[in-house]
Structure formats: structure tokens, C-alpha cells
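File shown: entry-v8.txt. Contents: compact mmCIF, C-alpha atoms.
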# COMPACT_ATOMS: atom_id res chain seq x y z
CA MET A 1 -4.75 17.03 21.45
CA GLN A 2 -5.44 18.04 17.84
CA THR A 3 -2.25 20.17 17.79
CA VAL A 4 -0.16 17.18 18.86
CA SER A 5 -1.72 15.09 16.14
CA LEU A 6 -0.97 17.75 13.51
CA LEU A 7 2.60 18.14 14.79
CA ASN A 8 2.98 14.36 14.77
CA ARG A 9 1.74 14.17 11.16
CA PHE A 10 3.99 17.09 10.15
CA ILE A 11 7.10 15.42 11.59
CA TYR A 12 6.16 12.10 9.98
CA THR A 13 5.71 13.78 6.59
CA TRP A 14 9.00 15.65 6.93
CA VAL A 15 10.89 12.46 7.87
CA ILE A 16 9.42 10.49 4.96
CA LEU A 17 10.17 13.28 2.48
CA PHE A 18 13.72 13.62 3.80
CA ILE A 19 14.25 9.85 3.46
CA LEU A 20 13.01 10.08 -0.13
CA TRP A 21 15.36 13.00 -0.77
CA TYR A 22 18.27 10.98 0.56
CA ALA A 23 17.21 7.91 -1.47
CA PHE A 24 17.34 9.96 -4.66
CA THR A 25 20.56 11.84 -3.91
CA THR A 26 22.46 9.15 -1.91
CA SER A 27 24.86 11.82 -0.77
CA LEU A 28 26.07 12.52 2.74
CA GLU A 29 27.55 15.88 1.76
CA PRO A 30 26.50 18.51 4.32
CA ALA A 31 25.19 20.86 1.61
CA GLU A 32 23.00 18.08 0.18
CA LEU A 33 21.66 17.12 3.60
CA ILE A 34 20.89 20.74 4.54
CA THR A 35 19.19 21.36 1.20
CA GLY A 36 17.23 18.11 1.52
CA GLY A 37 16.17 18.97 5.04
CA PHE A 38 15.04 22.44 4.02
CA VAL A 39 13.19 21.33 0.87
CA SER A 40 11.53 18.50 2.78
CA LEU A 41 10.52 20.95 5.51
CA VAL A 42 8.94 23.34 3.01
CA VAL A 43 7.08 20.59 1.15
CA ALA A 44 5.95 19.01 4.42
CA SER A 45 4.59 22.33 5.66
CA PHE A 46 2.25 22.45 2.65
CA SER A 47 1.29 18.78 2.48
CA TYR A 48 1.28 17.24 5.96
CA LYS A 49 -2.49 17.56 6.44
CA VAL A 50 -3.23 15.36 3.44
CA PHE A 51 -0.12 13.18 3.41
CA THR A 52 -1.14 10.68 6.08
CA GLY A 53 -3.43 10.04 8.96
CA SER A 54 -1.15 7.68 10.87
CA GLY A 55 1.71 9.93 11.89
CA LEU A 56 4.77 8.74 13.80
CA LYS A 57 3.10 5.70 15.35
CA ILE A 58 3.95 3.77 12.18
CA PHE A 59 7.61 3.93 13.27
CA MET A 60 6.96 1.90 16.42
CA PRO A 61 9.19 -1.22 16.38
CA HIS A 62 6.36 -3.77 16.29
CA LYS A 63 4.68 -1.88 13.44
CA LEU A 64 7.96 -1.69 11.52
CA PHE A 65 8.18 -5.48 11.87
CA PHE A 66 4.72 -5.78 10.28
CA VAL A 67 5.67 -3.31 7.54
CA ALA A 68 8.72 -5.45 6.70
CA GLN A 69 6.53 -8.54 6.74
CA TYR A 70 4.01 -6.79 4.47
CA ILE A 71 6.73 -5.89 1.96
CA PHE A 72 7.92 -9.51 1.94
CA ILE A 73 4.37 -10.87 1.43
CA PHE A 74 3.74 -8.28 -1.30
CA ILE A 75 6.93 -9.22 -3.18
CA LEU A 76 6.03 -12.91 -3.00
CA ALA A 77 2.52 -12.20 -4.31
CA LEU A 78 3.99 -10.00 -7.04
CA ILE A 79 6.37 -12.73 -8.22
CA LYS A 80 3.67 -15.42 -8.07
CA SER A 81 1.15 -13.34 -10.02
CA ASN A 82 3.76 -12.30 -12.60
CA PHE A 83 4.52 -15.95 -13.34
CA ASP A 84 0.81 -16.75 -13.52
CA VAL A 85 0.08 -13.97 -16.02
CA ALA A 86 3.21 -14.80 -18.06
CA ARG A 87 2.11 -18.45 -18.19
CA ARG A 88 -1.31 -17.37 -19.46
CA VAL A 89 0.25 -15.15 -22.12
CA LEU A 90 2.68 -17.81 -23.31
CA SER A 91 0.00 -20.55 -23.30
CA PRO A 92 -3.11 -19.01 -24.82
CA SER A 93 -4.90 -22.34 -24.51
CA LEU A 94 -5.05 -21.89 -20.73
CA PRO A 95 -8.57 -20.97 -19.75
CA ILE A 96 -9.23 -17.55 -18.31
CA ASN A 97 -12.40 -16.37 -16.72
CA PRO A 98 -12.18 -12.58 -16.42
CA GLY A 99 -14.73 -10.77 -14.35
CA ILE A 100 -15.45 -8.29 -11.60
CA VAL A 101 -15.70 -9.48 -8.02
CA GLU A 102 -16.51 -7.59 -4.87
CA PHE A 103 -15.63 -8.11 -1.25
CA ASN A 104 -15.78 -6.18 2.00
CA THR A 105 -12.75 -5.16 3.99
CA LYS A 106 -12.29 -4.85 7.73
CA LEU A 107 -9.95 -1.89 7.25
CA THR A 108 -11.28 1.39 8.63
CA ASN A 109 -8.35 3.68 7.84
CA ASP A 110 -8.63 5.30 4.38
CA PHE A 111 -4.85 5.23 3.93
CA ALA A 112 -4.81 1.49 4.68
CA LYS A 113 -7.58 0.96 2.12
CA MET A 114 -5.52 2.87 -0.42
CA VAL A 115 -2.47 0.71 0.30
CA LEU A 116 -4.59 -2.43 -0.10
CA ALA A 117 -6.10 -1.15 -3.36
CA ASN A 118 -2.66 -0.31 -4.76
CA SER A 119 -1.23 -3.65 -3.66
CA ILE A 120 -4.05 -5.45 -5.45
CA THR A 121 -3.58 -3.35 -8.59
CA LEU A 122 0.20 -3.80 -8.62
CA THR A 123 -0.07 -7.58 -8.62
CA PRO A 124 -0.70 -8.63 -12.23
CA GLY A 125 -4.04 -10.25 -12.93
CA THR A 126 -6.02 -7.98 -10.62
CA LEU A 127 -7.08 -4.36 -10.86
CA THR A 128 -8.92 -2.34 -8.24
CA ILE A 129 -11.77 -0.63 -10.04
CA ASP A 130 -13.53 1.13 -7.19
CA ILE A 131 -13.87 1.32 -3.43
CA VAL A 132 -17.27 2.26 -2.03
CA GLU A 133 -17.06 2.62 1.75
CA ASN A 134 -15.80 -0.85 2.77
CA THR A 135 -16.54 -2.67 -0.50
CA PHE A 136 -13.78 -3.26 -3.04
CA TYR A 137 -14.60 -3.91 -6.70
CA ILE A 138 -11.80 -5.84 -8.40
CA HIS A 139 -11.31 -6.93 -12.00
CA TRP A 140 -9.79 -10.39 -11.82
CA ILE A 141 -8.22 -12.17 -14.80
CA ASP A 142 -9.37 -15.59 -13.63
CA VAL A 143 -12.40 -15.45 -11.34
CA LYS A 144 -12.37 -18.56 -9.21
CA SER A 145 -15.64 -17.77 -7.45
CA ASP A 146 -18.29 -15.06 -7.27
CA ASN A 147 -18.50 -15.65 -3.53
CA PRO A 148 -17.16 -12.50 -1.81
CA GLU A 149 -15.47 -14.49 0.98
CA ILE A 150 -13.56 -16.68 -1.47
CA ALA A 151 -12.61 -13.66 -3.61
CA HIS A 152 -11.38 -11.85 -0.48
CA THR A 153 -9.34 -14.87 0.58
CA GLU A 154 -7.77 -15.30 -2.86
CA ILE A 155 -7.02 -11.63 -3.56
CA ALA A 156 -6.66 -9.60 -0.38
CA ASN A 157 -6.64 -11.68 2.79
CA ASN A 158 -2.85 -11.88 3.27
CA PHE A 159 -2.44 -8.15 2.66
CA GLU A 160 -5.37 -7.16 4.86
CA LYS A 161 -4.24 -9.17 7.89
CA LEU A 162 -0.98 -7.25 8.03
CA LEU A 163 -2.53 -3.88 7.20
CA LEU A 164 -4.88 -4.31 10.16
CA LYS A 165 -1.84 -4.77 12.40
CA ILE A 166 -0.02 -1.81 10.87
CA PHE A 167 -2.79 0.80 10.75
CA ASN A 168 -5.09 -0.12 13.66

Take the structure I supplied and represent it as C-alpha cells, if you would.
Amino acid sequence: MQTVSLLNRFIYTWVILFILWYAFTTSLEPAELITGGFVSLVVASFSYKVFTGSGLKIFMPHKLFFVAQYIFIFILALIKSNFDVARRVLSPSLPINPGIVEFNTKLTNDFAKMVLANSITLTPGTLTIDIVENTFYIHWIDVKSDNPEIAHTEIANNFEKLLLKIFN
């Protein structure tokens, strides 16, 4: 069972690295594809144990649907938060209430927690400071409430719902 899991993770890592190779080269020349396959294979052989814990199951059609949905939700949140921060910069009279909030997550997968933390950090106005077990500590440019449930709803709820479907 463990061998299948390691093989699964190795193949997943190799596929992702090969896709990245192709994304950077954008060439269908046989020499480029062979080189990309070989380089991806070598890098995957050294890194597959730490690259991911999910393996090939992330490529299941229903999970791919949730990944696409997650990307869409993330882009919308990114655009919305960019406009909010730009509005605050251009109108210094707007009140801000910076602070650190904490909330608990239902995510159990460490990779999913990392994706959530990075999604929060990449949206302007929020920065993930630390994760201790299931508790996230976030610096927020305009704290609306110290209540962890409200902070979770405002900052992470939309992301977390989809990450639960993708990684669990």
C-alpha cells in the first residue's frame, strides 16, 4: 500500500513538473519534449516525497472542477482586494483598522493549509503570519471584528469550502 502511494506521488510530481516544463518552453519539438520528460523525471525522483501528499487523486474530474472553481474564486477575491487596497491608498482619509486576527480551519491536510495560507497572503490587505496546528494568524488591513468566526468568514471561508472538497 505504501509503495503504491509513493509511486502515485512520484507520477503526480513528474506530470506536474513536465507540465511546468512545457509551459515554459511551449515547444512541441520532439527534442524539447524528450529533454523535458527526462529532466522532469530526474527532478521528480529527488523531490516526490516532499512535493505533495495528494498524488494523482487531484486529477479526478470532480476535483478538477473544484480546482477550476477555486481558481475563479481566488481571481475574484484578488481583484476585489486589489481595488479595496488601491482605494485606501488613493483616499488616505478612509479609515483603516489594522490588526492581527486568528481563526481555526477545518482543513487537515498540510498542503491544503499551505494553499489557504498562500491564497490569503496573495490577496492584498491580508498576510498570513503563522499557522499553529489548525489556527491561522492573519494580519488584516481593516479588522472588521475580533471574533474568530467573523474573521474566518470574511477572510478564508470561500477558499476553505473548496479546499475541503479538493483535498479531502

Compute the distance from (-11.4, -15.8, -19.4) to each atom, counting all atoms listed in the file, keep the residues with any atom at most 10 Å away, and return them as a PDB file with C-alpha atoms, in the coordinates of the input; use the coordinates of the file.
ATOM      1  CA  LEU A  94      -5.050 -21.890 -20.730  1.00  0.00           C
ATOM      2  CA  PRO A  95      -8.570 -20.970 -19.750  1.00  0.00           C
ATOM      3  CA  ILE A  96      -9.230 -17.550 -18.310  1.00  0.00           C
ATOM      4  CA  ASN A  97     -12.400 -16.370 -16.720  1.00  0.00           C
ATOM      5  CA  PRO A  98     -12.180 -12.580 -16.420  1.00  0.00           C
ATOM      6  CA  GLY A  99     -14.730 -10.770 -14.350  1.00  0.00           C
ATOM      7  CA  TRP A 140      -9.790 -10.390 -11.820  1.00  0.00           C
ATOM      8  CA  ILE A 141      -8.220 -12.170 -14.800  1.00  0.00           C
ATOM      9  CA  ASP A 142      -9.370 -15.590 -13.630  1.00  0.00           C
ATOM     10  CA  VAL A 143     -12.400 -15.450 -11.340  1.00  0.00           C
TER      11      VAL A 143
END

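The two atoms in question, CA of Val67 (chain A) and CA of Leu162 (chain A), are spaced 7.7 Å apart.
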
With distances taken over all atoms listed in the file, which of A:Ser40, A:Asn109, A:Thr123, A:Ser91 is nearest to Ile19 (chain A)?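 Using all atoms listed in the file, Ile19 (chain A) sits closest to A:Ser40.
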
Excluding same-chain residues fewer than 2 positions from Leu116 (chain A), what lies within 8 Å of it counting only C-alpha atoms, as a list in words?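 Final neighbour list, sorted by chain and number: Ala112, Lys113, Met114, Asn118, Ser119, Ile120, Ala156, Phe159, Glu160 and Leu163 of chain A.
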
Counting all atoms listed in the file, the residue of A:Leu33, A:Leu164, A:Leu28, A:Leu127 that sits nearest Phe111 (chain A): A:Leu164

If I take CA of Asn82 (chain A) and CA of Ile155 (chain A), how far is one from the other in Å, to one decimal? 14.1 Å

Skipping near chain neighbours, those fewer than 2 positions away, what residues fall within 12 Å of Ala44 (chain A) using all atoms listed in the file, listed as an MDAnalysis selection string? chainID A and resid 6:18 36:42 46:52

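Of the residues listed (A:Val101, A:Ala117, A:Asn168, A:Ile131), A:Val101 shows the shortest atom-to-atom separation from Pro148 (chain A); distances use only C-alpha atoms.
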
Closest to Ile166 (chain A) among A:Pro30, A:Leu64, A:Tyr22, A:Ile150, using only C-alpha atoms? A:Leu64

Pick from A:Ala68, A:Ile138, A:Val85, A:Val115: nearest to Glu102 (chain A), with all atoms listed in the file counted? A:Ile138

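Going from CA of Arg87 (chain A) to CA of Tyr137 (chain A) covers 25.0 Å.
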